[in-house]
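Student: A single structure is presented below for examination.
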Amino acid sequence: MPTAQQRAGRKARIFITGSADGLGHAAAETLLAQGHDVVVHVRSRARLPAVQQLVDQGAIATIGDLGDLPQIRDLASQVNAIGHMDAVIHNAGVISGEQLLVVNVVAPYLLTALIQRPERLIYLSSGMHRGGQAKLAGMDWSGRSVTGSYSDSKLFVTTLSAAVARHWPKVLSNAVDPGWVPTRMGGPGAPDDLRLGHLTQEWLATSDDPAALTTGGYWHHQQRQQPNAAVNDTRFQDLLLAELARATGTELG
């Protein structure tokens, strides 16, 4: 299945959430250097200086707090106003706190539902998703209280990726474990390679490699791996989609 960018013989336009630092910023730098059109994202106007260098290189900046549903909706509108995206990299995430489920799960879901459907979707997972619990009862998707662990949130977003792949067969939807890399979230002592931490996202977003033109995968360093069994449980996928639709008032479509 040729992508829009292949048919048009042009570079891709890619939206990356959480581009102010870490893997999102690094991916934006690399993709800009490769000649792609990149749309970056920061949480607030105060964070715009963090992406100024990227903007100076041609990136377009968007703003929205992924812990706030009205701002998530506004962010989707900003992206749609720019134009059709060839790929979206759902990179932003937090490791703890009341907004854990909102930022790590609800925001990717709502942006997926509201942004004009791209050819490729990439969701940031973690090897820690394997320790997540496939239980949705009692989860507070509003961000008003702490429910669920980081591992749970990554299990949910990995499941979301697989569900999108099943429900939208014309879209390439994949999840990526970037490894434990030395970013602000990972800490300076993280043992994995930072470059490898964002290479797979870039590859899945732009490559014509036959392996990158597949869907429903869970990837680590360009190698497809087996995720937690719950990820590919279609019943759990549909329960998660129903919960997120209920919490947001927006169905995936």
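Quick note on naming: the chains in the structure tokens go A, B, ... in the order shown, residues restart at 1 in each chain, and ligands are numbered from 1 in order of appearance.
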Run DSSP on the backbone and give me the residues of range 57-155 of chain A it puts in helix (DSSP H, G or I), as number ranges by chain.

Tutor: A: 69-82, 100-114, 127-131, 150-155

Student: Got time to write the residues from that selection, C-alpha atoms, as a PDB file, in the first residue's frame?

Tutor:
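Generated output (again32.pdb):
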ATOM      1  CA  LEU A  69      -8.988  17.980  27.322  1.00  0.00           C
ATOM      2  CA  PRO A  70     -10.063  21.370  25.857  1.00  0.00           C
ATOM      3  CA  GLN A  71      -6.411  22.125  25.050  1.00  0.00           C
ATOM      4  CA  ILE A  72      -5.987  18.683  23.448  1.00  0.00           C
ATOM      5  CA  ARG A  73      -8.975  19.448  21.223  1.00  0.00           C
ATOM      6  CA  ASP A  74      -7.547  22.855  20.359  1.00  0.00           C
ATOM      7  CA  LEU A  75      -4.185  21.259  19.538  1.00  0.00           C
ATOM      8  CA  ALA A  76      -5.901  18.901  17.092  1.00  0.00           C
ATOM      9  CA  SER A  77      -7.515  21.934  15.450  1.00  0.00           C
ATOM     10  CA  GLN A  78      -4.128  23.641  15.148  1.00  0.00           C
ATOM     11  CA  VAL A  79      -2.676  20.571  13.446  1.00  0.00           C
ATOM     12  CA  ASN A  80      -5.618  20.210  11.061  1.00  0.00           C
ATOM     13  CA  ALA A  81      -5.332  23.894  10.129  1.00  0.00           C
ATOM     14  CA  ILE A  82      -1.726  23.334   9.046  1.00  0.00           C
ATOM     15  CA  LEU A 100      -0.456  10.247  33.999  1.00  0.00           C
ATOM     16  CA  LEU A 101      -3.406   8.595  32.264  1.00  0.00           C
ATOM     17  CA  VAL A 102      -4.531  11.799  30.571  1.00  0.00           C
ATOM     18  CA  VAL A 103      -1.160  12.613  29.011  1.00  0.00           C
ATOM     19  CA  ASN A 104      -0.063   9.050  28.260  1.00  0.00           C
ATOM     20  CA  VAL A 105      -3.362   7.552  27.088  1.00  0.00           C
ATOM     21  CA  VAL A 106      -6.253   9.994  26.727  1.00  0.00           C
ATOM     22  CA  ALA A 107      -4.274  12.575  24.744  1.00  0.00           C
ATOM     23  CA  PRO A 108      -3.010  10.082  22.129  1.00  0.00           C
ATOM     24  CA  TYR A 109      -6.528   8.657  21.828  1.00  0.00           C
ATOM     25  CA  LEU A 110      -8.221  12.032  21.426  1.00  0.00           C
ATOM     26  CA  LEU A 111      -5.613  13.367  19.000  1.00  0.00           C
ATOM     27  CA  THR A 112      -5.942  10.165  16.973  1.00  0.00           C
ATOM     28  CA  ALA A 113      -9.702  10.618  16.829  1.00  0.00           C
ATOM     29  CA  LEU A 114      -9.609  14.337  15.966  1.00  0.00           C
ATOM     30  CA  GLY A 127       9.278  -2.255  27.915  1.00  0.00           C
ATOM     31  CA  MET A 128       7.577  -1.563  31.236  1.00  0.00           C
ATOM     32  CA  HIS A 129       4.194  -2.078  29.547  1.00  0.00           C
ATOM     33  CA  ARG A 130       4.723  -5.794  30.129  1.00  0.00           C
ATOM     34  CA  GLY A 131       4.181  -5.162  33.840  1.00  0.00           C
ATOM     35  CA  TYR A 150       3.234   4.093  34.423  1.00  0.00           C
ATOM     36  CA  SER A 151       3.316   0.454  33.310  1.00  0.00           C
ATOM     37  CA  ASP A 152      -0.485   0.433  33.071  1.00  0.00           C
ATOM     38  CA  SER A 153      -0.465   3.609  30.973  1.00  0.00           C
ATOM     39  CA  LYS A 154       2.042   2.131  28.548  1.00  0.00           C
ATOM     40  CA  LEU A 155       0.056  -1.103  28.299  1.00  0.00           C
TER      41      LEU A 155
END

Student: Tell me, as a list of chain:residue names, which residues lie within 9 Å of Ile14 in chain A, counting only C-alpha atoms; anything in the same chain fewer than 3 positions away does not count.

Tutor: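 Residues meeting the cut-off are A:Ala28, A:Leu31, A:His36, A:Asp37, A:Val38, A:Val39, A:Val40, A:Met85, A:Asp86, A:Ala87, A:Val88, A:Ile89, A:Ala205, A:Thr206.
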
Student: Can I get the residues of range 209-247 of chain A within 12 Å of range 116-125 of chain A, each with the closest pair of atoms and their distance in Å to one decimal, using only C-alpha atoms, sorted chain first then ascending number, as JSON lines?

Tutor:
{"residue": "A:Ala212", "atom": "CA", "partner": "A:Arg120", "partner_atom": "CA", "distance": 9.8}
{"residue": "A:Leu213", "atom": "CA", "partner": "A:Arg120", "partner_atom": "CA", "distance": 8.9}
{"residue": "A:Thr214", "atom": "CA", "partner": "A:Arg120", "partner_atom": "CA", "distance": 9.8}
{"residue": "A:Thr215", "atom": "CA", "partner": "A:Arg120", "partner_atom": "CA", "distance": 8.8}
{"residue": "A:Gly216", "atom": "CA", "partner": "A:Ile122", "partner_atom": "CA", "distance": 10.1}
{"residue": "A:Gly217", "atom": "CA", "partner": "A:Ile122", "partner_atom": "CA", "distance": 9.9}
{"residue": "A:Tyr218", "atom": "CA", "partner": "A:Ser125", "partner_atom": "CA", "distance": 8.4}
{"residue": "A:Trp219", "atom": "CA", "partner": "A:Ser125", "partner_atom": "CA", "distance": 9.0}
{"residue": "A:His220", "atom": "CA", "partner": "A:Ser125", "partner_atom": "CA", "distance": 9.6}
{"residue": "A:Pro227", "atom": "CA", "partner": "A:Ser125", "partner_atom": "CA", "distance": 10.1}
{"residue": "A:Asn228", "atom": "CA", "partner": "A:Ser125", "partner_atom": "CA", "distance": 11.5}
{"residue": "A:Val231", "atom": "CA", "partner": "A:Ser125", "partner_atom": "CA", "distance": 11.4}

Student: To one decimal in Å, tell me the separation between CA of Leu244 in chain A and CA of Gly83 in chain A.

Tutor: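 Computing it gives 25.9 Å between the two atoms.
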
Student: Give me the residues within 6 Å of range 195-204 of chain A as an MDAnalysis selection string, counting only C-alpha atoms and dropping any in the same chain fewer than 3 places off.

Tutor: chainID A and resid 23 27 178 207 212 221:222

Student: Would you write out those residues with N, CA, C and O atoms, as a PDB file, in the first residue's frame?

Tutor:
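And here is the file that came out, selection_31.pdb:
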ATOM      1  N   LEU A  23      13.367  12.684  23.399  1.00  0.00           N
ATOM      2  CA  LEU A  23      13.260  11.938  22.150  1.00  0.00           C
ATOM      3  C   LEU A  23      12.471  12.703  21.090  1.00  0.00           C
ATOM      4  O   LEU A  23      12.793  12.617  19.902  1.00  0.00           O
ATOM      5  N   ALA A  27      14.054  13.577  17.539  1.00  0.00           N
ATOM      6  CA  ALA A  27      13.430  13.099  16.303  1.00  0.00           C
ATOM      7  C   ALA A  27      13.138  14.264  15.362  1.00  0.00           C
ATOM      8  O   ALA A  27      13.353  14.160  14.144  1.00  0.00           O
ATOM      9  N   PRO A 178      11.348   2.738  23.054  1.00  0.00           N
ATOM     10  CA  PRO A 178      12.608   3.409  22.716  1.00  0.00           C
ATOM     11  C   PRO A 178      13.792   2.953  23.564  1.00  0.00           C
ATOM     12  O   PRO A 178      14.930   3.345  23.290  1.00  0.00           O
ATOM     13  N   SER A 207      10.102   5.739   6.299  1.00  0.00           N
ATOM     14  CA  SER A 207      10.835   4.790   5.449  1.00  0.00           C
ATOM     15  C   SER A 207       9.936   4.040   4.479  1.00  0.00           C
ATOM     16  O   SER A 207       8.780   3.735   4.779  1.00  0.00           O
ATOM     17  N   ALA A 212       8.922  -1.347   7.459  1.00  0.00           N
ATOM     18  CA  ALA A 212       8.323  -0.136   8.020  1.00  0.00           C
ATOM     19  C   ALA A 212       6.932   0.128   7.464  1.00  0.00           C
ATOM     20  O   ALA A 212       6.210   0.979   7.990  1.00  0.00           O
ATOM     21  N   HIS A 221      14.167  -0.822  18.579  1.00  0.00           N
ATOM     22  CA  HIS A 221      15.371  -0.693  17.742  1.00  0.00           C
ATOM     23  C   HIS A 221      15.194  -1.388  16.384  1.00  0.00           C
ATOM     24  O   HIS A 221      16.031  -2.192  15.953  1.00  0.00           O
ATOM     25  N   GLN A 222      14.103  -1.082  15.731  1.00  0.00           N
ATOM     26  CA  GLN A 222      13.760  -1.560  14.386  1.00  0.00           C
ATOM     27  C   GLN A 222      13.535  -3.072  14.307  1.00  0.00           C
ATOM     28  O   GLN A 222      13.514  -3.641  13.223  1.00  0.00           O
TER      29      GLN A 222
END

Student: Out of A:Pro210, A:Gly22, A:Gly93, A:Gly64, which residue has the shortest atom-to-atom distance to Ser126 in chain A when counting only C-alpha atoms?

Tutor: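 Of the candidates, the smallest distance to Ser126 in chain A is held by A:Gly93.
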
Student: Let me make sure I understand: among A:Ala59, A:Trp141, A:Gln99, A:Lys135, which one has the smallest atom-to-atom distance to Gly249 in chain A if we use only C-alpha atoms?

Tutor: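 Nearest to Gly249 in chain A: A:Trp141.
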
Student: Rounded to one decimal in Å, what is the spacing between CA of Ala61 in chain A and CA of His90 in chain A?

Tutor: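 Atom-to-atom, CA of Ala61 in chain A and CA of His90 in chain A are spaced 15.3 Å apart.
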
Student: What is the CA of Asp68 in chain A-CA of Arg43 in chain A distance in Å, reported with one decimal?

Tutor: 10.2 Å

Student: For the structure I just gave you, how does DSSP split range 46-78 of chain A - specifically, which residues are strand (DSSP E or B)? Reply as an MDAnalysis selection string.

Tutor: chainID A and resid 60:63

Student: Taking C-alpha atoms for each residue, export the selection above as a CSV table (one decimal), in the first residue's frame.

Tutor:
chain,number,residue,atom,x,y,z
A,60,ILE,CA,6.0,24.8,12.7
A,61,ALA,CA,5.2,25.0,16.4
A,62,THR,CA,1.9,24.1,18.0
A,63,ILE,CA,0.8,24.6,21.7

Student: Hey, which of A:Ala33, A:Val94, A:Ala211, A:Ala162 ends up closest to Asp238 in chain A? Count only C-alpha atoms.

Tutor: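 Residue with the minimum atom-to-atom distance to Asp238 in chain A: A:Ala162.
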